[in-house]
>>> print(open('data.tsv').read())   # TSV, C-alpha atoms and all ligand atoms
chain	number	residue	atom	x	y	z
A	894	GLY	CA	58.74	-0.30	-124.32
A	895	VAL	CA	61.76	-2.41	-123.42
A	896	LEU	CA	64.06	0.56	-123.16
A	897	TRP	CA	61.92	2.19	-120.50
A	898	SER	CA	61.45	-0.96	-118.42
A	899	LYS	CA	65.03	-2.26	-118.70
A	900	ASN	CA	67.17	0.84	-118.85
A	901	ASN	CA	67.06	2.79	-115.62
A	902	GLU	CA	69.17	5.61	-116.92
A	903	PHE	CA	66.80	6.22	-119.83
A	904	LYS	CA	63.85	6.06	-117.48
A	905	LEU	CA	65.35	8.72	-115.19
A	906	GLU	CA	66.19	11.02	-118.09
A	907	PHE	CA	62.76	10.60	-119.63
A	908	HIS	CA	61.04	11.32	-116.31
A	909	LYS	CA	63.12	14.41	-115.76
A	910	LEU	CA	61.94	15.83	-119.08
A	911	VAL	CA	58.34	14.93	-118.40
A	912	HIS	CA	57.95	15.85	-114.75
A	913	HIS	CA	60.28	18.76	-114.06
A	914	MET	CA	59.15	22.31	-114.52
A	915	ILE	CA	61.47	23.38	-117.31
A	916	THR	CA	61.42	25.89	-120.12
A	917	GLU	CA	60.50	25.12	-123.74
A	918	GLU	CA	64.13	25.49	-124.88
A	919	GLU	CA	65.28	23.03	-122.23
A	920	PHE	CA	62.60	20.55	-123.20
A	921	GLU	CA	63.39	20.76	-126.91
A	922	GLU	CA	67.12	20.42	-126.35
A	923	GLY	CA	66.74	17.67	-123.74
A	924	TRP	CA	64.40	15.71	-126.01
A	925	ARG	CA	66.78	16.05	-128.96
A	926	GLN	CA	69.72	14.83	-126.89
A	927	MET	CA	67.72	11.91	-125.50
A	928	LEU	CA	66.66	10.71	-128.98
A	929	GLU	CA	70.24	10.97	-130.17
A	930	LYS	CA	71.80	9.24	-127.18
A	931	TYR	CA	69.45	6.23	-127.35
A	932	SER	CA	69.06	6.15	-131.15
A	933	LEU	CA	65.35	6.82	-130.95
A	934	LYS	CA	64.96	9.33	-133.75
A	935	LYS	CA	62.67	7.03	-135.70
A	936	HIS	CA	60.82	5.54	-132.75
A	937	PRO	CA	57.13	5.69	-133.77
A	938	PHE	CA	55.65	6.25	-130.29
A	939	LEU	CA	58.11	8.97	-129.29
A	940	THR	CA	57.68	10.67	-132.67
A	941	GLN	CA	53.93	10.60	-132.22
A	942	ILE	CA	53.90	12.03	-128.69
A	943	TYR	CA	56.48	14.65	-129.65
A	944	GLU	CA	54.16	15.96	-132.34
A	945	VAL	CA	51.46	16.64	-129.75
A	946	ARG	CA	53.87	17.81	-127.01
A	947	HIS	CA	51.99	21.09	-126.53
A	948	LYS	CA	49.14	19.01	-125.10
A	949	TRP	CA	51.14	17.25	-122.40
A	950	ALA	CA	54.65	18.61	-121.89
A	951	LYS	CA	54.92	20.84	-118.81
A	952	PRO	CA	56.86	23.73	-120.42
A	953	TYR	CA	53.85	24.44	-122.62
A	954	PHE	CA	51.72	25.01	-119.50
A	955	ARG	CA	54.14	27.31	-117.75
A	956	GLY	CA	51.73	30.19	-117.55
A	957	VAL	CA	48.78	28.03	-116.57
A	958	PHE	CA	47.84	27.32	-112.98
A	959	CYS	CA	47.74	23.55	-112.45
A	960	ALA	CA	48.30	23.29	-108.69
A	961	ARG	CA	51.34	21.11	-109.40
A	962	MET	CA	49.19	18.55	-111.19
A	963	THR	CA	49.71	17.15	-114.64
A	964	SER	CA	46.83	16.89	-117.07
A	965	THR	CA	45.95	13.25	-116.44
A	966	GLN	CA	47.05	13.04	-112.83
A	967	ARG	CA	43.62	13.80	-111.45
A	968	SER	CA	41.76	11.02	-113.23
A	969	GLU	CA	44.65	8.58	-112.82
A	970	SER	CA	44.74	9.22	-109.14
A	971	ALA	CA	40.96	8.72	-108.85
A	972	ASN	CA	41.22	5.44	-110.76
A	973	HIS	CA	44.06	4.28	-108.59
A	974	LEU	CA	42.15	5.09	-105.42
A	975	LEU	CA	39.00	3.32	-106.56
A	976	LYS	CA	40.91	0.22	-107.57
A	977	GLY	CA	42.12	-0.10	-104.00
A	978	TYR	CA	38.51	-0.33	-102.75
A	979	VAL	CA	36.40	-1.77	-105.52
A	980	PRO	CA	37.20	-5.20	-106.96
A	981	PRO	CA	36.72	-5.72	-110.73
A	982	GLY	CA	33.23	-6.85	-111.72
A	983	CYS	CA	31.82	-5.72	-108.40
A	984	PRO	CA	27.98	-5.48	-108.13
A	985	MET	CA	26.41	-2.04	-107.71
A	986	HIS	CA	25.38	-2.40	-104.04
A	987	LEU	CA	28.94	-3.38	-103.09
A	988	PHE	CA	30.34	-0.54	-105.20
A	989	LEU	CA	28.27	1.99	-103.23
A	990	LYS	CA	29.31	0.49	-99.93
A	991	GLN	CA	32.97	0.56	-100.87
A	992	PHE	CA	32.69	4.05	-102.28
A	993	GLN	CA	31.32	5.27	-98.95
A	994	LYS	CA	34.22	3.62	-97.20
A	995	LEU	CA	36.62	5.42	-99.54
A	996	GLN	CA	34.97	8.75	-98.76
A	997	PHE	CA	35.18	8.08	-95.04
A	998	ASP	CA	38.88	7.23	-95.27
A	999	ARG	CA	39.62	10.32	-97.35
A	1000	GLU	CA	37.87	12.56	-94.86
A	1001	ALA	CA	39.82	10.98	-92.03
A	1002	GLU	CA	43.06	11.63	-93.94
A	1003	GLU	CA	42.08	15.27	-94.44
A	1004	SER	CA	41.38	15.70	-90.72
A	1005	PHE	CA	44.74	14.09	-90.01
A	1006	GLN	CA	46.48	16.63	-92.25
A	1007	GLU	CA	44.64	19.50	-90.56
A	1008	LYS	CA	45.68	18.21	-87.15
A	1009	ARG	CA	49.22	17.75	-88.29
A	1010	THR	CA	49.26	21.38	-89.38
A	1011	SER	CA	47.82	22.70	-86.15
A	1012	LEU	CA	49.71	20.48	-83.72
A	1013	SER	CA	53.08	19.45	-85.08
A	1014	GLY	CA	56.17	21.55	-84.49
A	1015	VAL	CA	57.83	23.34	-87.36
A	1016	CYS	CA	61.34	22.74	-88.52
A	1017	LEU	CA	62.77	26.03	-89.75
A	1018	ARG	CA	65.58	25.79	-92.28
A	1019	VAL	CA	67.00	29.29	-92.30
A	1020	ASN	CA	65.12	31.12	-89.55
A	1021	LEU	CA	64.29	34.20	-91.61
A	1022	PRO	CA	61.24	36.24	-90.56
A	1023	ILE	CA	59.46	35.29	-93.79
A	1024	GLU	CA	60.01	31.61	-93.03
A	1025	ARG	CA	58.60	31.94	-89.53
A	1026	HIS	CA	55.63	33.81	-90.95
A	1027	ALA	CA	55.04	31.19	-93.65
A	1028	SER	CA	55.14	28.45	-91.03
A	1029	LYS	CA	52.15	30.07	-89.32
A	1030	VAL	CA	49.94	30.57	-92.35
A	1031	TYR	CA	50.69	27.62	-94.59
A	1032	THR	CA	49.61	24.04	-94.13
A	1033	ARG	CA	52.55	21.77	-93.33
A	1034	ALA	CA	52.63	20.33	-96.85
A	1035	MET	CA	52.72	23.79	-98.45
A	1036	PHE	CA	55.27	25.06	-95.95
A	1037	GLU	CA	57.56	22.16	-96.84
A	1038	LYS	CA	57.36	23.14	-100.52
A	1039	PHE	CA	58.10	26.74	-99.60
A	1040	GLY	CA	61.09	25.56	-97.54
A	1041	GLU	CA	62.49	23.64	-100.51
A	1042	GLU	CA	62.51	26.82	-102.60
A	1043	LEU	CA	64.07	28.79	-99.77
A	1044	TYR	CA	66.80	26.15	-99.48
A	1045	LYS	CA	67.48	26.30	-103.22
A	1046	CYS	CA	68.20	30.05	-102.92
A	1047	GLY	CA	71.58	29.09	-101.49
A	1048	ALA	CA	72.64	27.52	-104.78
A	1049	HIS	CA	71.98	30.64	-106.85
A	1050	VAL	CA	73.72	33.98	-107.19
A	1051	LEU	CA	71.71	37.06	-107.98
A	1052	ASP	CA	72.78	39.93	-110.24
A	1053	GLU	CA	70.90	43.18	-110.63
A	1054	VAL	CA	70.72	43.89	-114.38
A	1055	VAL	CA	68.48	46.97	-114.27
A	1056	PRO	CA	68.31	48.56	-110.79
A	1057	ARG	CA	65.26	47.30	-108.88
A	1058	ARG	CA	63.60	46.11	-112.08
A	1059	VAL	CA	65.46	43.26	-113.78
A	1060	TYR	CA	67.55	40.55	-112.15
A	1061	LYS	CA	69.45	37.48	-113.22
A	1062	SER	CA	69.68	34.40	-111.04
A	1063	THR	CA	72.44	31.92	-111.89
A	1064	HIS	CA	72.93	28.42	-110.56
A	1065	VAL	CA	76.35	28.17	-108.90
A	1066	GLU	CA	77.16	24.67	-110.05
A	1067	ALA	CA	76.09	24.95	-113.66
A	1068	GLU	CA	78.62	22.35	-114.82
A	1069	LYS	CA	77.06	19.65	-112.65
A	1070	ARG	CA	73.64	19.98	-114.23
A	1071	GLU	CA	72.36	18.40	-117.45
A	1072	LYS	CA	73.74	19.98	-120.59
A	1073	TRP	CA	70.26	21.09	-121.63
A	1074	SER	CA	69.50	22.63	-118.23
A	1075	LYS	CA	68.96	26.33	-118.16
A	1076	VAL	CA	71.14	27.82	-115.44
A	1077	GLU	CA	70.20	31.49	-115.76
A	1078	PHE	CA	66.76	32.91	-115.12
A	1079	LYS	CA	65.55	36.43	-115.67
A	1080	ILE	CA	63.24	37.94	-113.06
A	1081	GLU	CA	61.35	41.14	-113.78
A	1082	VAL	CA	59.68	43.34	-111.21
A	1083	ASP	CA	56.91	45.68	-112.35
A	1084	GLU	CA	57.05	49.44	-111.89
A	1085	ASP	CA	55.03	49.76	-108.71
A	1086	GLU	CA	57.00	46.86	-107.24
A	1087	SER	CA	53.97	44.77	-106.51
A	1088	PHE	CA	54.46	41.94	-108.98
A	1089	PHE	CA	57.27	39.89	-110.43
A	1090	SER	CA	57.57	37.34	-113.17
A	1091	CYS	CA	60.29	34.76	-113.49
A	1092	GLU	CA	61.24	32.94	-116.66
A	1093	CYS	CA	60.89	29.56	-114.96
A	1094	GLY	CA	57.11	30.06	-114.66
A	1095	TYR	CA	56.86	28.07	-111.44
A	1096	PHE	CA	54.76	30.66	-109.62
A	1097	GLU	CA	52.17	30.81	-112.40
A	1098	HIS	CA	52.09	27.03	-112.62
A	1099	ALA	CA	52.07	26.05	-108.97
A	1100	ARG	CA	51.48	29.31	-107.01
A	1101	ILE	CA	54.69	28.67	-105.12
A	1102	VAL	CA	57.27	31.46	-105.19
A	1103	CYS	CA	60.30	30.07	-107.04
A	1104	CYS	CA	63.78	30.27	-105.55
A	1105	HIS	CA	64.85	32.87	-108.14
A	1106	ALA	CA	62.11	35.34	-107.26
A	1107	LEU	CA	62.49	34.57	-103.58
A	1108	GLN	CA	66.10	35.69	-103.84
A	1109	VAL	CA	64.98	39.04	-105.27
A	1110	CYS	CA	62.45	39.49	-102.48
A	1111	LEU	CA	64.90	38.59	-99.75
A	1112	GLY	CA	67.89	40.39	-101.22
A	1113	ASP	CA	66.35	43.82	-101.00
A	1114	GLN	CA	64.05	43.07	-98.11
A	1115	ARG	CA	61.17	43.84	-100.42
A	1116	THR	CA	58.42	42.67	-98.20
A	1117	SER	CA	55.70	44.21	-100.36
A	1118	LEU	CA	56.62	41.81	-103.16
A	1119	ILE	CA	56.49	38.83	-100.87
A	1120	MET	CA	53.21	39.98	-99.41
A	1121	PHE	CA	51.66	40.14	-102.83
A	1122	HIS	CA	52.76	36.69	-103.83
A	1123	LEU	CA	51.93	35.01	-100.57
A	1124	PRO	CA	48.49	36.57	-100.19
A	1125	CYS	CA	47.64	34.60	-97.11
A	1126	LEU	CA	50.53	36.31	-95.33
A	1127	LEU	CA	48.73	39.64	-95.36
A	1201	ZN	ZN	62.01	31.21	-111.16
>>> encode(input="data.tsv", output="structure tokens")
Amino acid sequence: GVLWSKNNEFKLEFHKLVHHMITEEEFEEGWRQMLEKYSLKKHPFLTQIYEVRHKWAKPYFRGVFCARMTSTQRSESANHLLKGYVPPGCPMHLFLKQFQKLQFDREAEESFQEKRTSLSGVCLRVNLPIERHASKVYTRAMFEKFGEELYKCGAHVLDEVVPRRVYKSTHVEAEKREKWSKVEFKIEVDEDESFFSCECGYFEHARIVCCHALQVCLGDQRTSLIMFHLPCLL
């Protein structure tokens, strides 16, 4: 409603809760604080969507692979694309013609991305062997995502809680983050050191190694862990 369209601050806070990969506790606390701050406790729409939050809020899909997509993104994106090609009330023969044009353009875009991957130079952020390796096996888009996580490692400190099994990654500037933000994440490595799981759930959700787990892998030079989680690096 009005609040969303007129109040930029509310909009940003709302989007952060909806789009960021956060834990259930963070979502619950963030939502509570947002309702309180903007006096929205009795807002009918927000109350209604909160009741069905397990169907749309990201934290409830932490263990589910979604390739970084939200539940409606796929159809919304298809609708958006079609609207750019097909005018409303368009006759069937024109629809088919325009649809073919759309397909042609999409294929051209895909070839462009493939070329970009094979031809363009790579910008390494930290020059670690794993980064150089990733630059060779990932597409440019995926490598950029990987680089973002690698960069974030610098803002976290790692503590070994149980030797070689359990770690804690803490954000170094906890006070600058939202009050509801979780700043500590637990990472567990299984017994044969071939698999890890991090509380943030980013790997399960997007198949991108999160900065917390990346720290564990890099800290001990545990290449077997990295190999397992970046299968195409084998
Ligand atoms: Zn994590």
>>> residues_near_ligand(input="data.tsv", ligand="ligand ZN 1201 (chain A)", cutoff="7 Å", atoms="all atoms listed in the file", output="ChimeraX atom specification")
/A:1078,1091-1095,1103-1106
>>> atom_distance(input="data.tsv", atom1="CA of Phe920 in chain A", atom2="CA of Trp1073 in chain A")
7.8 Å
>>> residues_around(input="data.tsv", residues="range 1015-1022 of chain A", least_positions_apart="3", cutoff="9 Å", atoms="all atoms listed in the file", output="PyMOL selection string")
chain A and resi 1025-1028+1033+1040+1043-1044
>>> write_last_selection(input="data.tsv", atoms="C-alpha atoms", output="CSV table (one decimal), in the frame of the given file")
chain,number,residue,atom,x,y,z
A,1025,ARG,CA,58.6,31.9,-89.5
A,1026,HIS,CA,55.6,33.8,-91.0
A,1027,ALA,CA,55.0,31.2,-93.6
A,1028,SER,CA,55.1,28.4,-91.0
A,1033,ARG,CA,52.6,21.8,-93.3
A,1040,GLY,CA,61.1,25.6,-97.5
A,1043,LEU,CA,64.1,28.8,-99.8
A,1044,TYR,CA,66.8,26.2,-99.5
>>> closest_residue(input="data.tsv", among="A:Glu1068, A:Glu1086, A:Glu929, A:Glu917", to="Lys951 in chain A", atoms="only C-alpha atoms")
A:Glu917
>>> residues_around(input="data.tsv", residues="range 996-1001 of chain A", least_positions_apart="3", cutoff="12 Å", atoms="only C-alpha atoms", output="list in words")
Ala971, Leu974, Leu975, Gly977, Tyr978, Leu989, Lys990, Gln991, Phe992, Gln993, Ser1004, Phe1005, Gln1006, Glu1007 and Lys1008 of chain A
>>> closest_residue(input="data.tsv", among="A:Ala950, A:Phe903, A:Lys1029, A:Arg1070", to="Lys930 in chain A", atoms="all atoms listed in the file")
A:Phe903
>>> closest_residue(input="data.tsv", among="A:Lys1061, A:Phe1096, A:Pro1056, A:Cys959", to="Glu1084 in chain A", atoms="all atoms listed in the file")
A:Pro1056
>>> closest_residue(input="data.tsv", among="A:Phe988, A:Val911, A:Phe958, A:Leu1107", to="Ile1023 in chain A", atoms="all atoms listed in the file")
A:Leu1107
>>> residues_near_point(input="data.tsv", point="(69.9, 29.8, -117.2)", cutoff="12 Å", atoms="all atoms listed in the file", output="PDB file with C-alpha atoms, in the frame of the given file")
ATOM      1  CA  ILE A 915      61.470  23.380-117.310  1.00  0.00           C
ATOM      2  CA  THR A 916      61.420  25.890-120.120  1.00  0.00           C
ATOM      3  CA  GLU A 918      64.130  25.490-124.880  1.00  0.00           C
ATOM      4  CA  GLU A 919      65.280  23.030-122.230  1.00  0.00           C
ATOM      5  CA  HIS A1049      71.980  30.640-106.850  1.00  0.00           C
ATOM      6  CA  VAL A1050      73.720  33.980-107.190  1.00  0.00           C
ATOM      7  CA  LEU A1051      71.710  37.060-107.980  1.00  0.00           C
ATOM      8  CA  LYS A1061      69.450  37.480-113.220  1.00  0.00           C
ATOM      9  CA  SER A1062      69.680  34.400-111.040  1.00  0.00           C
ATOM     10  CA  THR A1063      72.440  31.920-111.890  1.00  0.00           C
ATOM     11  CA  HIS A1064      72.930  28.420-110.560  1.00  0.00           C
ATOM     12  CA  VAL A1065      76.350  28.170-108.900  1.00  0.00           C
ATOM     13  CA  GLU A1066      77.160  24.670-110.050  1.00  0.00           C
ATOM     14  CA  ALA A1067      76.090  24.950-113.660  1.00  0.00           C
ATOM     15  CA  GLU A1068      78.620  22.350-114.820  1.00  0.00           C
ATOM     16  CA  ARG A1070      73.640  19.980-114.230  1.00  0.00           C
ATOM     17  CA  GLU A1071      72.360  18.400-117.450  1.00  0.00           C
ATOM     18  CA  LYS A1072      73.740  19.980-120.590  1.00  0.00           C
ATOM     19  CA  TRP A1073      70.260  21.090-121.630  1.00  0.00           C
ATOM     20  CA  SER A1074      69.500  22.630-118.230  1.00  0.00           C
ATOM     21  CA  LYS A1075      68.960  26.330-118.160  1.00  0.00           C
ATOM     22  CA  VAL A1076      71.140  27.820-115.440  1.00  0.00           C
ATOM     23  CA  GLU A1077      70.200  31.490-115.760  1.00  0.00           C
ATOM     24  CA  PHE A1078      66.760  32.910-115.120  1.00  0.00           C
ATOM     25  CA  LYS A1079      65.550  36.430-115.670  1.00  0.00           C
ATOM     26  CA  ILE A1080      63.240  37.940-113.060  1.00  0.00           C
ATOM     27  CA  CYS A1091      60.290  34.760-113.490  1.00  0.00           C
ATOM     28  CA  GLU A1092      61.240  32.940-116.660  1.00  0.00           C
ATOM     29  CA  CYS A1093      60.890  29.560-114.960  1.00  0.00           C
ATOM     30  CA  HIS A1105      64.850  32.870-108.140  1.00  0.00           C
TER      31      HIS A1105
END
>>> closest_residue(input="data.tsv", among="A:Arg925, A:Lys904, A:Lys976, A:His913", to="Tyr943 in chain A", atoms="all atoms listed in the file")
A:Arg925
